[in-house]
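Engineer: What follows is query.cif, made up of mmCIF, C-alpha atoms:
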data_model
#
loop_
_atom_site.label_atom_id
_atom_site.label_comp_id
_atom_site.auth_asym_id
_atom_site.auth_seq_id
_atom_site.Cartn_x
_atom_site.Cartn_y
_atom_site.Cartn_z
CA MET A 1 -9.68 -6.02 12.38
CA ARG A 2 -9.76 -7.30 8.79
CA ASP A 3 -9.06 -10.96 8.12
CA GLU A 4 -6.18 -12.13 5.95
CA ALA A 5 -8.18 -12.67 2.77
CA GLU A 6 -9.64 -9.19 3.08
CA LEU A 7 -6.19 -7.70 3.62
CA ILE A 8 -4.87 -9.47 0.54
CA ARG A 9 -7.76 -8.25 -1.63
CA ALA A 10 -7.36 -4.69 -0.41
CA ALA A 11 -3.58 -4.75 -0.86
CA MET A 12 -4.02 -6.11 -4.39
CA GLY A 13 -6.10 -3.03 -5.13
CA GLY A 14 -3.32 -0.74 -3.89
CA ASP A 15 -4.50 -0.18 -0.31
CA ARG A 16 -1.25 0.78 1.36
CA ARG A 17 -2.57 0.30 4.93
CA ALA A 18 -3.71 -3.21 4.08
CA PHE A 19 -0.31 -4.01 2.60
CA GLU A 20 1.42 -2.74 5.75
CA ALA A 21 -0.79 -4.98 7.88
CA LEU A 22 0.00 -7.90 5.58
CA VAL A 23 3.74 -7.30 5.95
CA VAL A 24 3.44 -7.24 9.74
CA LEU A 25 1.38 -10.42 9.63
CA LYS A 26 3.83 -12.35 7.45
CA ARG A 27 7.23 -10.88 8.19
CA GLU A 28 8.26 -13.27 10.97
CA ARG A 29 7.60 -16.33 8.85
CA VAL A 30 9.45 -14.84 5.87
CA VAL A 31 12.45 -13.79 7.99
CA ARG A 32 12.58 -17.15 9.81
CA THR A 33 12.46 -19.12 6.58
CA ALA A 34 15.08 -16.93 4.94
CA TYR A 35 17.25 -17.24 8.04
CA GLN A 36 17.15 -21.04 8.04
CA VAL A 37 18.20 -21.07 4.39
CA THR A 38 20.83 -18.32 4.42
CA GLY A 39 22.03 -18.90 7.99
CA ASP A 40 22.57 -15.23 8.67
CA LEU A 41 20.28 -12.61 10.19
CA GLU A 42 21.47 -9.73 8.02
CA ASP A 43 21.02 -11.84 4.92
CA ALA A 44 17.58 -12.87 6.14
CA ARG A 45 16.63 -9.23 6.57
CA ASP A 46 17.86 -8.37 3.07
CA VAL A 47 15.98 -11.28 1.58
CA ALA A 48 12.79 -10.43 3.49
CA GLN A 49 12.88 -6.81 2.37
CA TRP A 50 13.39 -7.87 -1.21
CA VAL A 51 10.51 -10.35 -0.89
CA PHE A 52 8.05 -7.74 0.38
CA LEU A 53 9.09 -5.17 -2.22
CA ARG A 54 8.60 -7.82 -4.86
CA LEU A 55 5.26 -8.69 -3.30
CA TRP A 56 4.15 -5.05 -3.49
CA LYS A 57 4.94 -5.05 -7.20
CA VAL A 58 3.41 -8.38 -8.19
CA LEU A 59 0.50 -8.57 -5.77
CA PRO A 60 -2.00 -7.20 -8.32
CA ARG A 61 -1.26 -10.31 -10.40
CA PHE A 62 -1.97 -12.72 -7.52
CA ASP A 63 -4.71 -15.24 -8.25
CA PRO A 64 -6.94 -15.34 -5.14
CA ALA A 65 -7.91 -18.91 -6.03
CA ARG A 66 -4.39 -19.94 -5.04
CA ARG A 67 -2.98 -20.17 -1.51
CA PHE A 68 -1.30 -16.92 -0.59
CA ASP A 69 1.19 -18.53 1.79
CA THR A 70 2.37 -20.96 -0.87
CA TRP A 71 2.96 -18.04 -3.21
CA LEU A 72 4.78 -16.04 -0.55
CA TYR A 73 6.93 -19.03 0.44
CA ARG A 74 7.80 -19.50 -3.22
CA ILE A 75 9.01 -15.91 -3.61
CA THR A 76 10.91 -16.22 -0.32
CA MET A 77 12.57 -19.51 -1.19
CA ASN A 78 13.62 -18.37 -4.65
CA ALA A 79 15.14 -15.20 -3.19
CA ALA A 80 16.86 -17.07 -0.35
CA ILE A 81 18.27 -19.74 -2.65
CA ASP A 82 19.52 -17.11 -5.10
CA HIS A 83 21.11 -15.28 -2.19
CA LEU A 84 22.72 -18.46 -0.90
CA ARG A 85 24.08 -19.32 -4.35
CA THR A 86 25.46 -15.82 -4.81
CA ARG A 87 27.07 -15.63 -1.40
CA GLY A 88 27.96 -19.27 -0.92
CA PRO A 89 27.51 -21.18 2.31
CA GLN A 90 30.66 -19.91 4.00
CA GLY A 91 29.53 -16.48 5.09
CA ALA A 92 30.25 -14.99 8.49
CA LEU A 93 27.13 -16.29 10.17
CA GLN A 94 25.26 -14.16 12.61
CA PRO A 95 23.34 -16.37 15.04
CA LEU A 96 20.02 -15.48 16.61
CA PRO A 97 20.16 -14.07 20.13
CA ASP A 98 18.64 -16.32 22.78
CA ASP A 99 14.93 -15.97 23.31
CA PRO A 100 14.52 -15.02 27.00
CA SER A 101 10.77 -15.65 27.08
CA LEU A 102 11.26 -19.18 25.89
CA LEU A 103 14.02 -19.86 28.38
CA GLU A 104 11.80 -18.58 31.19
CA ASP A 105 9.03 -20.91 30.08
CA VAL A 106 11.39 -23.83 30.05
CA ALA A 107 12.80 -22.92 33.45
CA ALA A 108 9.29 -22.58 34.87
CA SER A 109 8.47 -26.09 33.73
CA GLY A 110 11.13 -27.42 36.10
CA GLU A 111 12.88 -29.23 33.28
CA ALA A 112 15.42 -26.61 32.30
CA GLU A 113 18.33 -28.94 32.88
CA ARG A 114 16.82 -31.40 30.44
CA ALA A 115 15.62 -28.90 27.88
CA VAL A 116 17.33 -28.48 24.56
CA ASP A 117 19.30 -25.28 24.17
CA LEU A 118 17.72 -23.80 21.04
CA GLY A 119 20.69 -21.51 20.43
CA GLU A 120 23.02 -24.50 20.34
CA LEU A 121 20.61 -26.50 18.20
CA GLN A 122 20.45 -23.59 15.77
CA LYS A 123 24.24 -23.46 15.50
CA VAL A 124 24.36 -27.20 14.89
CA PHE A 125 21.77 -26.94 12.14
CA LEU A 126 23.52 -24.04 10.42
CA LYS A 127 26.81 -25.88 10.50
CA LEU A 128 25.47 -29.17 9.18
CA ALA A 129 23.07 -27.57 6.69
CA GLY A 130 26.08 -25.93 5.07
CA GLN A 131 26.75 -29.35 3.55
CA LEU A 132 23.38 -29.45 1.81
CA ALA A 133 22.69 -28.31 -1.72
CA PRO A 134 20.42 -25.24 -1.74
CA ARG A 135 17.36 -27.20 -2.93
CA GLN A 136 17.91 -29.94 -0.34
CA ARG A 137 18.20 -27.32 2.34
CA ALA A 138 15.08 -25.50 1.14
CA ALA A 139 13.06 -28.72 1.10
CA PHE A 140 14.23 -29.64 4.60
CA VAL A 141 13.47 -26.19 6.02
CA LEU A 142 9.97 -26.14 4.54
CA ARG A 143 9.09 -29.71 5.45
CA GLU A 144 10.78 -30.24 8.79
CA ILE A 145 11.11 -26.78 10.31
CA GLU A 146 8.10 -25.01 8.83
CA GLY A 147 6.07 -28.22 8.99
CA LEU A 148 4.54 -28.09 5.52
CA GLU A 149 3.28 -31.16 3.72
CA THR A 150 5.30 -32.65 0.87
CA ALA A 151 2.72 -31.63 -1.75
CA GLU A 152 2.91 -28.00 -0.68
CA VAL A 153 6.71 -28.05 -0.58
CA ALA A 154 6.61 -29.34 -4.16
CA ARG A 155 4.33 -26.48 -5.22
CA ILE A 156 6.59 -23.94 -3.53
CA LEU A 157 9.77 -25.28 -5.09
CA GLY A 158 8.10 -25.91 -8.45
CA VAL A 159 9.12 -29.57 -8.56
CA ARG A 160 7.41 -32.96 -8.32
CA GLU A 161 6.65 -34.53 -4.96
CA SER A 162 9.04 -37.35 -5.79
CA THR A 163 11.80 -34.78 -6.24
CA VAL A 164 10.98 -33.26 -2.85
CA ARG A 165 11.11 -36.71 -1.24
CA ASN A 166 14.46 -37.30 -2.87
CA HIS A 167 15.80 -33.94 -1.62
CA LEU A 168 14.52 -34.76 1.88
CA HIS A 169 16.05 -38.22 1.84
CA GLN A 170 19.44 -36.80 0.88
CA ALA A 171 19.18 -33.97 3.39
CA ARG A 172 18.24 -36.30 6.26
CA ARG A 173 21.04 -38.69 5.38
CA ILE A 174 23.64 -35.92 5.45
CA LEU A 175 22.26 -34.31 8.63
CA GLN A 176 21.93 -37.63 10.47
CA ALA A 177 25.50 -38.54 9.63
CA GLY A 178 26.69 -35.13 10.82
CA LEU A 179 24.71 -35.35 14.06
CA ARG A 180 26.05 -38.80 14.88
CA ARG A 181 29.60 -37.89 13.95
CA ASP A 182 29.93 -34.40 15.42
CA TYR A 183 27.13 -34.07 17.98
CA PRO A 184 26.42 -37.50 19.46
CA GLY A 185 25.22 -35.89 22.69
CA LEU A 186 22.22 -34.46 20.85
CA VAL A 187 21.11 -37.77 19.41
CA PRO A 188 18.55 -39.65 21.54
CA ARG A 189 20.06 -42.91 22.74
CA SER A 190 17.56 -45.15 21.03
CA ALA A 191 18.39 -43.40 17.76
CA ASP A 192 22.12 -44.01 18.12
CA THR A 193 21.97 -47.34 16.42
CA SER A 194 18.69 -47.15 14.51
CA GLU A 195 18.53 -47.38 10.75
CA GLU A 196 18.71 -44.12 8.90
CA ASN A 197 15.19 -43.01 8.14
CA GLY A 198 14.73 -41.62 4.66
CA SER A 199 10.94 -41.44 4.51
CA MET B 1 1.30 -28.37 28.36
CA SER B 2 1.42 -30.72 31.38
CA VAL B 3 0.10 -33.87 29.67
CA HIS B 4 2.50 -35.77 27.44
CA PRO B 5 1.21 -36.00 23.88
CA SER B 6 1.09 -39.46 22.37
CA LEU B 7 3.78 -40.60 19.97
CA GLU B 8 1.02 -40.92 17.37
CA THR B 9 0.22 -37.21 17.77
CA LEU B 10 3.89 -36.25 17.62
CA SER B 11 4.43 -38.24 14.46
CA HIS B 12 1.80 -36.17 12.66
CA LEU B 13 3.23 -32.73 13.24
CA ASP B 14 3.57 -32.00 9.53
CA GLY B 15 0.58 -30.23 8.14
CA MET B 16 -0.78 -29.57 11.64
CA ALA B 17 -2.23 -26.13 12.42
CA PRO B 18 0.76 -23.85 13.17
CA ASP B 19 -0.33 -22.91 16.70
CA ARG B 20 -0.99 -26.52 17.72
CA ARG B 21 2.31 -27.65 16.17
CA ARG B 22 4.18 -24.93 17.99
CA GLU B 23 2.55 -25.87 21.28
CA LEU B 24 3.58 -29.51 20.88
CA LEU B 25 7.11 -28.59 19.85
CA ARG B 26 7.52 -26.37 22.90
CA HIS B 27 6.56 -29.34 25.05
CA VAL B 28 9.05 -31.58 23.24
CA LEU B 29 11.69 -28.91 23.71
CA ALA B 30 11.31 -29.12 27.47
CA CYS B 31 10.44 -32.80 27.90
CA SER B 32 13.33 -35.17 27.38
CA THR B 33 11.07 -38.25 27.53
CA CYS B 34 8.86 -37.14 24.66
CA ARG B 35 11.85 -35.82 22.76
CA SER B 36 13.70 -39.14 22.94
CA GLN B 37 10.68 -41.11 21.74
CA TRP B 38 9.87 -38.64 19.01
CA ALA B 39 13.39 -38.33 17.60
CA ALA B 40 14.32 -41.97 18.14
CA SER B 41 13.81 -43.04 14.55
CA ASP B 42 15.16 -39.83 13.04
CA PRO B 43 17.28 -37.41 15.09
CA THR B 44 16.94 -34.72 12.39
CA ARG B 45 13.39 -34.24 13.75
CA LEU B 46 15.05 -32.27 16.53
CA PHE B 47 15.53 -29.40 14.09
CA ALA B 48 11.74 -28.95 13.90
CA MET B 49 12.05 -27.29 17.31
CA LEU B 50 13.80 -24.38 15.60
CA SER B 51 10.38 -23.23 14.41
CA THR B 52 9.61 -22.23 18.00
CA ARG B 53 12.34 -19.59 17.97
CA GLU B 54 11.07 -16.07 17.76
CA MET B 55 12.78 -13.59 15.49
CA PRO B 56 14.09 -10.42 17.17
CA GLU B 57 11.39 -7.75 17.15
CA ASP B 58 13.83 -4.99 16.18
CA LEU B 59 14.91 -6.98 13.14
CA LEU B 60 11.29 -7.49 12.10
CA ASP B 61 10.63 -3.77 12.55
CA SER B 62 13.64 -2.93 10.41
CA VAL B 63 12.27 -5.16 7.64
CA SER B 64 8.96 -3.30 7.66
CA GLU B 65 10.60 0.11 7.85
CA GLY B 66 12.93 -0.67 4.97
CA VAL B 67 10.06 -1.91 2.79
CA PHE B 68 7.76 1.04 3.49
CA ALA B 69 10.59 3.55 3.01
CA ALA B 70 11.45 2.01 -0.36
CA ILE B 71 7.81 2.16 -1.45
CA ASP B 72 7.50 5.78 -0.30
CA SER B 73 10.64 6.76 -2.17
CA GLY B 74 9.29 5.26 -5.38
CA ILE B 75 12.02 2.63 -5.62
CA ALA B 76 9.35 -0.04 -5.56
CA ALA B 77 6.73 1.69 -7.66
CA ARG B 78 3.98 -0.63 -8.79
CA PRO B 79 4.13 -1.23 -12.50
CA GLY B 80 1.30 0.32 -14.43
CA VAL B 81 3.38 0.47 -17.56
CA SER B 82 6.88 0.14 -16.22
CA ARG B 83 9.83 2.22 -17.28
CA ALA B 84 11.55 -0.93 -18.56
CA TRP B 85 8.52 -1.74 -20.69
CA ASN B 86 8.49 1.82 -22.04
CA LEU B 87 12.12 1.55 -23.05
CA ARG B 88 11.57 -1.81 -24.69
CA ALA B 89 8.50 -0.52 -26.54
CA ALA B 90 10.36 2.56 -27.70
CA GLY B 91 13.20 0.38 -28.93
CA VAL B 92 10.84 -1.89 -30.84
CA LEU B 93 9.05 1.11 -32.39
CA ALA B 94 12.34 2.72 -33.37
CA ALA B 95 13.52 -0.53 -34.92
CA GLY B 96 10.24 -0.83 -36.82
CA ILE B 97 10.49 2.71 -38.12
CA LEU B 98 14.10 2.20 -39.19
CA LEU B 99 13.16 -1.02 -40.97
CA ALA B 100 10.29 0.69 -42.80
CA LEU B 101 12.56 3.57 -43.61
CA GLY B 102 15.24 1.27 -44.95
CA MET B 103 12.72 -0.44 -47.21
CA VAL B 104 11.50 2.92 -48.51
CA PHE B 105 14.97 4.31 -48.95
CA PHE B 106 16.50 1.31 -50.66
CA THR B 107 13.54 0.80 -53.01
CA GLY B 108 14.11 4.32 -54.26
CA GLY B 109 11.34 6.13 -52.41
CA THR B 110 8.66 5.52 -55.00
CA SER B 111 5.77 7.90 -55.25
CA GLU B 112 3.32 5.23 -53.98
CA VAL B 113 5.16 5.03 -50.69
CA GLY B 114 6.14 8.69 -50.38
CA SER B 115 9.40 10.29 -49.29
CA PRO B 116 11.42 8.71 -46.48
CA VAL B 117 10.86 11.67 -44.21
CA GLN B 118 7.12 11.60 -44.83
CA SER B 119 7.10 7.87 -44.08
CA VAL B 120 8.79 8.49 -40.74
CA ALA B 121 6.31 11.26 -39.97
CA ASP B 122 3.41 8.92 -40.71
CA LEU B 123 4.79 6.31 -38.34
CA VAL B 124 5.41 8.88 -35.63
CA GLU B 125 1.71 9.77 -35.70
CA ILE B 126 0.80 6.27 -34.53
CA ALA B 127 3.61 6.02 -31.99
CA PRO B 128 2.49 7.48 -28.65
CA GLY B 129 4.94 9.88 -27.05
CA ALA B 130 7.11 10.16 -30.15
CA SER B 131 8.30 13.44 -31.62
CA LEU B 132 9.93 14.27 -34.92
CA ALA B 133 12.06 17.26 -35.86
CA LEU B 134 13.41 18.11 -39.30
CA LEU B 135 16.74 19.85 -38.85
CA ASP B 136 18.10 22.51 -41.20
CA THR B 137 21.22 21.59 -43.13
CA PRO B 138 23.33 23.60 -45.57
CA SER B 139 23.22 20.85 -48.20
CA GLU B 140 20.57 18.75 -49.92
CA ALA B 141 20.78 16.24 -47.07
CA ARG B 142 17.77 15.95 -44.80
CA VAL B 143 18.33 15.27 -41.12
CA VAL B 144 15.53 13.90 -38.99
CA ASP B 145 15.65 13.82 -35.21
CA LEU B 146 13.27 11.16 -33.90
CA THR B 147 12.66 10.86 -30.16
CA MET B 148 10.54 8.20 -28.45
CA GLY B 149 10.64 8.18 -24.67
CA GLU B 150 14.32 7.99 -23.78
CA THR B 151 15.30 6.63 -27.19
CA ARG B 152 16.64 9.12 -29.72
CA VAL B 153 17.49 8.34 -33.35
CA VAL B 154 19.06 10.83 -35.75
CA MET B 155 18.62 9.92 -39.44
CA ILE B 156 20.43 11.46 -42.37
CA PHE B 157 18.96 11.21 -45.89
CA ASP B 158 21.31 12.22 -48.64
CA GLN B 159 21.33 10.77 -52.15
CA GLU B 160 24.92 11.92 -52.56
CA LEU B 161 25.98 9.87 -49.56
CA ASP B 162 28.20 7.03 -50.74
CA LEU B 163 28.19 4.14 -48.29
#
Let me see the structure of the file written as structure tokens.

Structural biologist:
Amino acid sequence: MRDEAELIRAAMGGDRRAFEALVVLKRERVVRTAYQVTGDLEDARDVAQWVFLRLWKVLPRFDPARRFDTWLYRITMNAAIDHLRTRGPQGALQPLPDDPSLLEDVAASGEAERAVDLGELQKVFLKLAGQLAPRQRAAFVLREIEGLETAEVARILGVRESTVRNHLHQARRILQAGLRRDYPGLVPRSADTSEENGS
Amino acid sequence: MSVHPSLETLSHLDGMAPDRRRELLRHVLACSTCRSQWAASDPTRLFAMLSTREMPEDLLDSVSEGVFAAIDSGIAARPGVSRAWNLRAAGVLAAGILLALGMVFFTGGTSEVGSPVQSVADLVEIAPGASLALLDTPSEARVVDLTMGETRVVMIFDQELDL
């Protein structure tokens, strides 16, 4: 099996099989990111298809000295934000179905009654994230859900790190307020009265 | 994961290797003790657990199928020289030819420059993919049909024409 760098090089040269393997390798991350920004599975699929078609076209221009994932995230985020701006945040949202394998794992751990319901958490996020500006939402998704570092988020969004930190601060403030106001049961007790954290 | 990760470990999830991060988040998802400690200072950290959700396989397959079908159908042809570029280039060439023609025509078509039609013919020779046809007319007017790609320009030269 070829490694990722090899797949990218081959796909840049027009190797269709390599490109297919690259799509399969990256599609879940692209769909998940697009879903967290658009809040709708059908929209996420549309965005992901557009992203990979775009990738097929522009891949020959990719500079291998750069990080491929950063580049792919950038295409994805731009497409998702454009989609969100075009459609607006009040679409008919299609939630993700529950993930049975995960629920089985949780049940097997003997802590099912204390486990977070991911489906519910997802609905809460989509509802509260509707109050965020597209760039705030994008920064939050990349930093907090995808787990990227601030510097990489800045490269993806094409802004300074200080701008990312500002977006994150605003996003956390809005989401924290929404959690405490509308979903107090989700907030850990010790966080009920703590200062808002904008780091 | 049966051992509880330290709060120090949990506070450095960002930038962690994806598999390790996912493993820790799955523990936090199931363990209320770790979750409370971890999200105590910032409850929005809870949303990080959304990264453990798996996307439906049929949806992922439909993404791939849609992409490959579009590539096969030529909708997403890779640009060598794209059609849009061809059209733009043809437009620029046509504009250039018309400009040259206008200069020749309005300076009286001096012998140094040659006739307007000859000037167009000369330019067509250096324009790839261009064709030129001189159409028959019943009068002294000369009609030139210039085609470049999908751009077509018909030019009428007639000294009797009063604009």

Engineer: Given the file shown, enumerate the residues that the PyMOL selection byres ((chain B) within 6 of (chain A)) captures and present them as a VMD selection string.

Structural biologist: chain B and resid 14 to 15 29 to 30 32 36 40 to 43 48 51 63 67 78

Engineer: Enclose all atoms of range 168-184 of chain A listed in the file in an axis-aligned box, grow every side by 3 Å, and hand back centre and edge lengths in Å to one decimal, as JSON.

Structural biologist:
{"center_x": 22.2, "center_y": -36.4, "center_z": 10.2, "size_x": 21.4, "size_y": 10.8, "size_z": 24.6}

Engineer: Arg74 in chain A: which residues within 10 Å, counting all atoms listed in the file, same-chain residues fewer than 6 positions away excluded, as a list in words?

Structural biologist: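 Residues meeting the cut-off are Val51, Phe68, Ala80, Val153, Ala154, Arg155, Ile156, Leu157 and Gly158 of chain A.
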
Engineer: Apply the PyMOL selection byres ((chain B and resi 26) around 9) to the structure shown and report the selected residues as number ranges by chain.

Structural biologist: A: 102, 106; B: 1, 21-25, 27-31, 49, 52

Engineer: When you draw a straight line from CA of Gly185 in chain A to CA of Cys34 in chain B, how long is it in Å?

Structural biologist: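 Here the two named atoms are 16.5 Å from each other.
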
Engineer: How far is it from CA of Val144 in chain B to CA of Ser131 in chain B, in Å with one decimal?

Structural biologist: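 It comes out at 10.3 Å.
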
Engineer: If you measure from CA of Arg87 in chain A to CA of Glu54 in chain B, what distance in Å do you get, rounded to one decimal?

Structural biologist: 25.0 Å
